[in-house]
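What follows is a single structure, written as structure tokens, with notes after it.
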Amino acid sequence: MHSYQEKIMTPDIDKLKKIASQVRRDILRMVHACQSGHPGGSLGCTDYLVALYFHTLKHTTHFEMDGQGEDLFFLSNGHISPVWYSVLARSGYFDVAELATFRKINTRLQGHPTTHEKLPGVRVASGSLGQGMSVAIGAAIAKKLNNDNRIVFSLHGDGELQEGQTWEAAMYASHNKIDNLISTIDVNGQQIDGPTETILSLGNLRAKWESFGWEVLEMSGNDMADVVRVLDLAISKTFKGKPIMILMQTMMGNGVDFMMHTHKWHGSAPNDEQLALALGQLEETLGDY
Amino acid sequence: MKKYTYSEKKDTRSGFGAGLLEVGRKNDKVVALCADLIGSLKMDAFIKEFPERFFQIGIAEANMMGIAAGLTIGGKIPYTGTFANFSTGRVYDQIRQSIAYSDKNVKICASHAGLTLGEDGATHQILEDIGMMKMLPGMVVINPCDYNQTKAATIAIAEHHGPVYLRFGRPSVPVFTDPDQKFEIGKVWMVNEGSDVSIFATGHLVWKAIEAGERLAELGIHAEIINIHTIKPLDEEAVLKSVSKTGCVVTAEEHSRYGGLGDSIAQLLTRKNPVPQEFVAVNDSFGESGTPDQLMKKYGLDTEDIINAVNRVIKRK
């Protein structure tokens with residue numbers, strides 16, 4: 001039933017890297033313009049989301065909620081909305097000029113993603129953590145009921161795993177062989193109050209997910225070639241009776257030297273000077289919005 | 001007073017079970033989920049006929065609400081089933097974000113609501129659920145009064161696009177509404193026309209309101225009795241029309257006096273036509289173990305309590 005593998009285009013890693021550079025610029029400029037938002041996790045997950053939307057997903061930008069015949073993506077850690085909005089705009093869901101409205105009054109680009117303002121590309125609200133995997137499972141079941149052999153992807157924070165609902169979903173997915181689901185955890189080791197290991201340690205994530213019955217892959221999330229490789233590998237493992245988990249090692253703040261190695265930039269915006277310094281490290285490849 | 005009789009007593013949850021089977025036959029988009037309470041929710045018949053459209057979630061209500069939200073993406077109409085307590089308070093944030101705010105077409109079907117769950121006690125007797133659910137923008141809140149009305153409501157909500165909270169109960173109660181009724185969301189059912197007082201009742205209190213109306217008629221008081229099965233959206237026009245005739249109100253519900261039907265009516269009347277109102281509802285209290293009849297009596301939700309409330313409110317006119 002699954003004829004995915006041959007459809008995957010030969011990835012152009014350099015091109016994807018160029019897009020990622022532009023997306024990182026977008027993130028910083030969006031967060032700077034409203035002086036709020038979450039740049040750290042957004043920068044860390046940029047390579048994954050760029051690879052997903054510009055290489056992996058089989059989708060149309062003519063947005064329909066049901067997404068029948070398309071791959072679907074759910075962002076569970078909704079606070080990294082800047083990276084998702086930028087990637088959605090850059091891949092054609094809406095005009096990049098709209099990125100300037102992020103978090104401003106009357107915007108469709110709410111602080112956390114929502115369907116409420118009818119932004120193309122968003123299928124469920126997220127922000128209150130721990131809910132996205134359940135929703136992704138529901139969408140994956142609907143695909144099976146509809147004989148739709150496309151795949152459902154979801155992204156979660158590592159701190160988010162502290163929410164118990166994730167583990168309800170983890171049990172359900174393996175027990176019920178939800179094997180058209182590829183979930184990814186952004187393992188950056190940071191949360192608002194500090195490192196995950198000091199706040200509430202996550203233990204051995206590979207062992208945890210394997211014991212929950214998932215097929216577990218590991219990815220170097222800020223190495224574009226590895227992101228593409230592991231996403232392709234994950235797709236090759238779908239429809240084999242197990243849900244798939246990618247443990248994605250990233251660096252919060254990746255791409256901007258002074259935003260890395262700290263949780264400080266989880267939820268704070270750069271000032272004018274910091275923005276200039278950060279943009280100086282990121283090539284403008286597609287034109288700023 | 002119009003005469004109402006019944007030939008049998010049935011639980012409203014069985015009305016849900018029968019309605020689920022029928023709507024499942026009519027609409028192949030309907031799917032059902034349950035969190036380890038199939039027997040209590042009377043979902044067996046649906047499961048037997050549509051095993052591929054039923055999802056046993058286990059004791060994980062938060063996950064159930066999320067999966068239900070996801071199933072709508074792909075065009076399904078999910079009906080979730082568990083006790084009212086676990087359908088609302090336990091999963092409020094999941095309903096709020098993944099269902100209500102996300103405008104998902106999920107039908108939250110909640111059994112064992114209120115005190116009449118009985119012996120299990122206060123941990124399971126939720127009296128705040130109507131309040132929680134009606135505060136969510138876009139949520140429809142329905143609390144039918146007997147087996148037939150619950151069955152009709154279960155079928156009707158599939159035709160409404162958007163989240164619905166359908167509340168029903170455990171005990172066997174008189175079956176007195178039309179088995180072939182057409183259930184219209186947001187439209188009251190005029191049980192009895194009267195001129196002295198408006199009794200607005202929902203759920204199990206409708207039959208008690210009828211009993212009260214009969215006894216009041218013997219005393220020469222003509223009560224207008226209106227069944228408000230849809231608490232949100234409230235049929236404001238019908239409520240105001242009745243009140244303009246009677247000039248005073250008693251509301252009756254198996255729920256806390258805070259946040260329930262009484263609150264909704266009071267807010268409407270405060271804005272449009274302030275008149276005296278008395279509340280037959282639980283007075284800011286948790287429940288306890290006991291039989292349903294004992295509990296309804298102890299917590300002031302019995303026929304006698306409606307009669308007393310009518311007498312009080314008429315004096316205040």
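Convention: chains lettered A, B, ... in structure tokens order; per-chain residue numbering from 1; ligands numbered from 1 as shown.
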
If you run DSSP over the backbone, which residues in segment 65-227 of chain A end up strand (DSSP E)? Put them as JSON, numbers by chain. {"A": [72, 73, 74, 75, 152, 153, 154, 155, 156, 157, 181, 182, 183, 184, 185, 186, 187, 190, 191, 194, 195, 215, 216, 217, 218, 219, 220]}

Find the residues of chain A in contact range of chain B, meaning any atom within 8 Å when counting only C-alpha atoms, and list them as a PyMOL selection string. chain A and resi 65-68+114-116+123-126+128+131-143+146+165+168-169+172

Can you spit out the residues from that selection as a compact mmCIF listing (two decimals), in the first residue's frame, using N, CA, C and O atoms?
# COMPACT_ATOMS: atom_id res chain seq x y z
N MET A 65 -8.60 21.67 5.65
CA MET A 65 -8.48 21.16 7.01
C MET A 65 -8.29 19.64 7.04
O MET A 65 -7.44 19.12 7.75
N ASP A 66 -9.10 18.92 6.25
CA ASP A 66 -9.05 17.45 6.31
C ASP A 66 -7.74 16.87 5.76
O ASP A 66 -7.34 15.79 6.15
N GLY A 67 -7.10 17.57 4.87
CA GLY A 67 -5.81 17.13 4.34
C GLY A 67 -5.80 15.72 3.80
O GLY A 67 -4.80 15.00 3.93
N GLN A 68 -6.88 15.31 3.17
CA GLN A 68 -6.93 13.95 2.65
C GLN A 68 -5.95 13.80 1.48
O GLN A 68 -5.83 14.68 0.65
N THR A 114 -3.11 28.70 16.18
CA THR A 114 -4.54 28.45 16.35
C THR A 114 -5.21 28.31 15.01
O THR A 114 -4.77 28.88 14.01
N THR A 115 -6.30 27.55 15.01
CA THR A 115 -7.15 27.47 13.83
C THR A 115 -8.18 28.60 13.84
O THR A 115 -8.87 28.82 12.86
N HIS A 116 -8.26 29.26 14.99
CA HIS A 116 -9.34 30.20 15.22
C HIS A 116 -9.32 31.36 14.24
O HIS A 116 -10.38 31.92 13.90
N ARG A 123 -3.84 23.10 11.87
CA ARG A 123 -5.03 22.24 11.97
C ARG A 123 -5.56 22.08 13.39
O ARG A 123 -6.65 21.56 13.58
N VAL A 124 -4.80 22.52 14.37
CA VAL A 124 -5.28 22.47 15.75
C VAL A 124 -4.49 23.51 16.54
O VAL A 124 -3.35 23.81 16.19
N ALA A 125 -5.11 24.03 17.58
CA ALA A 125 -4.39 24.97 18.45
C ALA A 125 -3.41 24.20 19.32
O ALA A 125 -3.65 23.05 19.68
N SER A 126 -2.28 24.83 19.62
CA SER A 126 -1.34 24.22 20.56
C SER A 126 -0.67 25.34 21.34
O SER A 126 -0.67 26.49 20.92
N SER A 128 -0.73 25.07 25.20
CA SER A 128 -0.83 24.28 26.43
C SER A 128 -0.24 22.92 26.08
O SER A 128 -0.73 22.23 25.18
N GLN A 131 -0.51 18.00 24.38
CA GLN A 131 -1.74 17.56 23.72
C GLN A 131 -1.55 17.09 22.28
O GLN A 131 -2.39 16.38 21.73
N GLY A 132 -0.45 17.48 21.66
CA GLY A 132 -0.31 17.28 20.22
C GLY A 132 -0.19 15.84 19.77
O GLY A 132 -0.64 15.49 18.68
N MET A 133 0.40 15.00 20.59
CA MET A 133 0.56 13.61 20.14
C MET A 133 -0.79 12.91 20.06
O MET A 133 -1.06 12.15 19.12
N SER A 134 -1.67 13.20 21.00
CA SER A 134 -3.02 12.62 20.96
C SER A 134 -3.74 13.05 19.68
O SER A 134 -4.37 12.23 19.01
N VAL A 135 -3.65 14.32 19.36
CA VAL A 135 -4.33 14.83 18.17
C VAL A 135 -3.74 14.18 16.91
O VAL A 135 -4.47 13.76 16.00
N ALA A 136 -2.42 14.06 16.89
CA ALA A 136 -1.76 13.43 15.73
C ALA A 136 -2.21 11.98 15.57
O ALA A 136 -2.44 11.50 14.45
N ILE A 137 -2.35 11.29 16.69
CA ILE A 137 -2.83 9.90 16.64
C ILE A 137 -4.24 9.85 16.06
O ILE A 137 -4.55 9.02 15.19
N GLY A 138 -5.11 10.77 16.52
CA GLY A 138 -6.47 10.81 15.98
C GLY A 138 -6.47 11.03 14.48
O GLY A 138 -7.20 10.36 13.74
N ALA A 139 -5.64 11.95 14.03
CA ALA A 139 -5.56 12.22 12.58
C ALA A 139 -5.01 11.01 11.83
O ALA A 139 -5.43 10.71 10.71
N ALA A 140 -4.08 10.30 12.46
CA ALA A 140 -3.50 9.10 11.82
C ALA A 140 -4.55 8.00 11.72
O ALA A 140 -4.61 7.28 10.71
N ILE A 141 -5.38 7.87 12.75
CA ILE A 141 -6.46 6.87 12.71
C ILE A 141 -7.44 7.23 11.60
O ILE A 141 -7.88 6.37 10.84
N ALA A 142 -7.79 8.52 11.52
CA ALA A 142 -8.73 8.96 10.47
C ALA A 142 -8.18 8.61 9.09
O ALA A 142 -8.91 8.18 8.20
N LYS A 143 -6.86 8.77 8.90
CA LYS A 143 -6.26 8.42 7.61
C LYS A 143 -6.47 6.94 7.31
O LYS A 143 -6.81 6.54 6.19
N ASN A 146 -9.94 6.24 6.33
CA ASN A 146 -10.24 6.78 5.00
C ASN A 146 -9.40 6.13 3.89
O ASN A 146 -9.42 6.60 2.75
N GLN A 165 0.01 13.46 29.66
CA GLN A 165 -0.80 13.04 28.51
C GLN A 165 0.06 12.42 27.41
O GLN A 165 -0.39 11.54 26.69
N GLU A 168 0.19 8.79 27.96
CA GLU A 168 -1.07 8.13 27.60
C GLU A 168 -1.06 7.87 26.09
O GLU A 168 -1.43 6.79 25.62
N ALA A 169 -0.67 8.90 25.36
CA ALA A 169 -0.64 8.80 23.90
C ALA A 169 0.40 7.77 23.45
O ALA A 169 0.17 6.99 22.51
N TYR A 172 -0.99 4.34 23.86
CA TYR A 172 -2.07 4.07 22.90
C TYR A 172 -1.51 3.77 21.51
O TYR A 172 -1.94 2.83 20.84

Which residues come within 8 Å of Glu288 of chain B, counting only C-alpha atoms, excluding same-chain residues fewer than 5 positions away, as a ChimeraX atom specification? /B:115,118-122,125,295

Print the selection's residues with C-alpha atoms to a file, as a PDB file, in the first residue's frame.
ATOM      1  CA  LEU B 115     -26.056  13.419  42.401  1.00  0.00           C
ATOM      2  CA  GLY B 118     -25.596   7.654  43.840  1.00  0.00           C
ATOM      3  CA  GLU B 119     -23.490   5.393  45.998  1.00  0.00           C
ATOM      4  CA  ASP B 120     -20.098   6.133  44.403  1.00  0.00           C
ATOM      5  CA  GLY B 121     -20.173   9.483  46.169  1.00  0.00           C
ATOM      6  CA  ALA B 122     -18.846  12.960  45.578  1.00  0.00           C
ATOM      7  CA  GLN B 125     -20.902  13.233  41.270  1.00  0.00           C
ATOM      8  CA  LEU B 295     -29.639  12.380  47.658  1.00  0.00           C
TER       9      LEU B 295
END

Spatial neighbours of Gln162 of chain A, 10 Å, only C-alpha atoms, chain gap at least 2 places, as an mmCIF file with all heavy atoms, in the first residue's frame:
data_model
loop_
_atom_site.group_PDB
_atom_site.id
_atom_site.type_symbol
_atom_site.label_atom_id
_atom_site.label_comp_id
_atom_site.auth_asym_id
_atom_site.auth_seq_id
_atom_site.Cartn_x
_atom_site.Cartn_y
_atom_site.Cartn_z
ATOM 1 N N LEU A 129 0.815 22.536 26.782
ATOM 2 C CA LEU A 129 1.674 21.448 26.296
ATOM 3 C C LEU A 129 1.093 20.052 26.520
ATOM 4 O O LEU A 129 0.217 19.846 27.353
ATOM 5 C CB LEU A 129 3.045 21.555 26.955
ATOM 6 C CG LEU A 129 3.846 22.810 26.559
ATOM 7 C CD1 LEU A 129 5.090 22.953 27.425
ATOM 8 C CD2 LEU A 129 4.218 22.768 25.084
ATOM 9 N N GLY A 130 1.617 19.126 25.750
ATOM 10 C CA GLY A 130 1.321 17.709 25.960
ATOM 11 C C GLY A 130 0.148 17.165 25.180
ATOM 12 O O GLY A 130 -0.182 15.991 25.302
ATOM 13 N N GLY A 157 8.407 19.191 22.372
ATOM 14 C CA GLY A 157 9.586 19.587 23.128
ATOM 15 C C GLY A 157 9.990 18.480 24.090
ATOM 16 O O GLY A 157 9.184 17.600 24.413
ATOM 17 N N ASP A 158 11.238 18.530 24.563
ATOM 18 C CA ASP A 158 11.632 17.509 25.548
ATOM 19 C C ASP A 158 11.051 17.833 26.925
ATOM 20 O O ASP A 158 10.526 16.958 27.613
ATOM 21 C CB ASP A 158 13.149 17.281 25.593
ATOM 22 C CG ASP A 158 13.967 18.553 25.770
ATOM 23 O OD1 ASP A 158 13.392 19.662 25.824
ATOM 24 O OD2 ASP A 158 15.210 18.440 25.853
ATOM 25 N N GLY A 159 11.069 19.101 27.299
ATOM 26 C CA GLY A 159 10.421 19.472 28.548
ATOM 27 C C GLY A 159 8.937 19.107 28.543
ATOM 28 O O GLY A 159 8.358 18.764 29.574
ATOM 29 N N GLU A 160 8.353 19.155 27.368
ATOM 30 C CA GLU A 160 6.928 18.833 27.213
ATOM 31 C C GLU A 160 6.607 17.402 27.653
ATOM 32 O O GLU A 160 5.470 17.089 28.017
ATOM 33 C CB GLU A 160 6.530 19.037 25.739
ATOM 34 C CG GLU A 160 5.051 18.888 25.484
ATOM 35 C CD GLU A 160 4.664 19.084 24.022
ATOM 36 O OE1 GLU A 160 5.573 19.195 23.171
ATOM 37 O OE2 GLU A 160 3.460 19.132 23.749
ATOM 38 N N GLY A 164 1.894 14.449 31.500
ATOM 39 C CA GLY A 164 1.524 13.030 31.505
ATOM 40 C C GLY A 164 0.749 12.557 30.301
ATOM 41 O O GLY A 164 0.810 11.381 29.936
ATOM 42 N N GLN A 165 0.015 13.462 29.657
ATOM 43 C CA GLN A 165 -0.797 13.038 28.513
ATOM 44 C C GLN A 165 0.061 12.419 27.409
ATOM 45 O O GLN A 165 -0.390 11.536 26.685
ATOM 46 C CB GLN A 165 -1.599 14.230 27.957
ATOM 47 C CG GLN A 165 -2.600 13.837 26.867
ATOM 48 C CD GLN A 165 -3.342 15.033 26.308
ATOM 49 O OE1 GLN A 165 -3.353 16.118 26.908
ATOM 50 N NE2 GLN A 165 -3.975 14.858 25.173
ATOM 51 N N THR A 166 1.291 12.900 27.297
ATOM 52 C CA THR A 166 2.199 12.345 26.283
ATOM 53 C C THR A 166 2.318 10.831 26.448
ATOM 54 O O THR A 166 2.356 10.084 25.463
ATOM 55 C CB THR A 166 3.596 12.962 26.455
ATOM 56 O OG1 THR A 166 3.484 14.380 26.421
ATOM 57 C CG2 THR A 166 4.538 12.491 25.354
ATOM 58 N N TRP A 167 2.369 10.393 27.680
ATOM 59 C CA TRP A 167 2.608 8.960 27.925
ATOM 60 C C TRP A 167 1.337 8.147 27.751
ATOM 61 O O TRP A 167 1.391 6.971 27.410
ATOM 62 C CB TRP A 167 3.266 8.787 29.302
ATOM 63 C CG TRP A 167 4.546 9.585 29.325
ATOM 64 C CD1 TRP A 167 4.733 10.814 29.891
ATOM 65 C CD2 TRP A 167 5.780 9.259 28.663
ATOM 66 N NE1 TRP A 167 6.009 11.264 29.650
ATOM 67 C CE2 TRP A 167 6.670 10.335 28.895
ATOM 68 C CE3 TRP A 167 6.216 8.164 27.913
ATOM 69 C CZ2 TRP A 167 7.972 10.345 28.405
ATOM 70 C CZ3 TRP A 167 7.519 8.173 27.418
ATOM 71 C CH2 TRP A 167 8.372 9.256 27.660
ATOM 72 N N THR A 196 16.678 20.625 31.628
ATOM 73 C CA THR A 196 15.704 19.582 31.995
ATOM 74 C C THR A 196 16.264 18.659 33.070
ATOM 75 O O THR A 196 15.530 18.187 33.934
ATOM 76 C CB THR A 196 15.301 18.738 30.768
ATOM 77 O OG1 THR A 196 16.488 18.261 30.131
ATOM 78 C CG2 THR A 196 14.495 19.544 29.782
ATOM 79 N N ILE A 199 15.561 20.382 36.344
ATOM 80 C CA ILE A 199 14.152 20.687 36.642
ATOM 81 C C ILE A 199 13.378 19.404 36.926
ATOM 82 O O ILE A 199 12.763 19.246 37.972
ATOM 83 C CB ILE A 199 13.488 21.436 35.466
ATOM 84 C CG1 ILE A 199 14.262 22.709 35.111
ATOM 85 C CG2 ILE A 199 12.018 21.749 35.783
ATOM 86 C CD1 ILE A 199 14.370 23.723 36.220
ATOM 87 N N LEU A 200 13.386 18.495 35.966
ATOM 88 C CA LEU A 200 12.741 17.182 36.132
ATOM 89 C C LEU A 200 13.343 16.282 35.061
ATOM 90 O O LEU A 200 12.948 16.347 33.901
ATOM 91 C CB LEU A 200 11.219 17.277 35.964
ATOM 92 C CG LEU A 200 10.447 15.983 36.211
ATOM 93 C CD1 LEU A 200 10.651 15.471 37.643
ATOM 94 C CD2 LEU A 200 8.960 16.164 35.942
ATOM 95 N N SER A 201 14.307 15.474 35.472
ATOM 96 C CA SER A 201 15.113 14.776 34.468
ATOM 97 C C SER A 201 14.275 13.774 33.687
ATOM 98 O O SER A 201 13.350 13.166 34.215
ATOM 99 C CB SER A 201 16.315 14.098 35.111
ATOM 100 O OG SER A 201 15.882 13.223 36.118
ATOM 101 N N LEU A 202 14.611 13.642 32.414
ATOM 102 C CA LEU A 202 13.842 12.813 31.494
ATOM 103 C C LEU A 202 14.378 11.390 31.415
ATOM 104 O O LEU A 202 13.744 10.523 30.823
ATOM 105 C CB LEU A 202 13.860 13.451 30.094
ATOM 106 C CG LEU A 202 13.342 14.895 30.057
ATOM 107 C CD1 LEU A 202 13.634 15.533 28.713
ATOM 108 C CD2 LEU A 202 11.844 14.932 30.345
#

Using only C-alpha atoms, determine which residues lie at most 9 Å from Met251 of chain A, disregarding the query and same-chain residues fewer than 5 positions distant; provide the list as a PyMOL selection string. chain A and resi 40-41+43-45+187-189+221-222+260-261
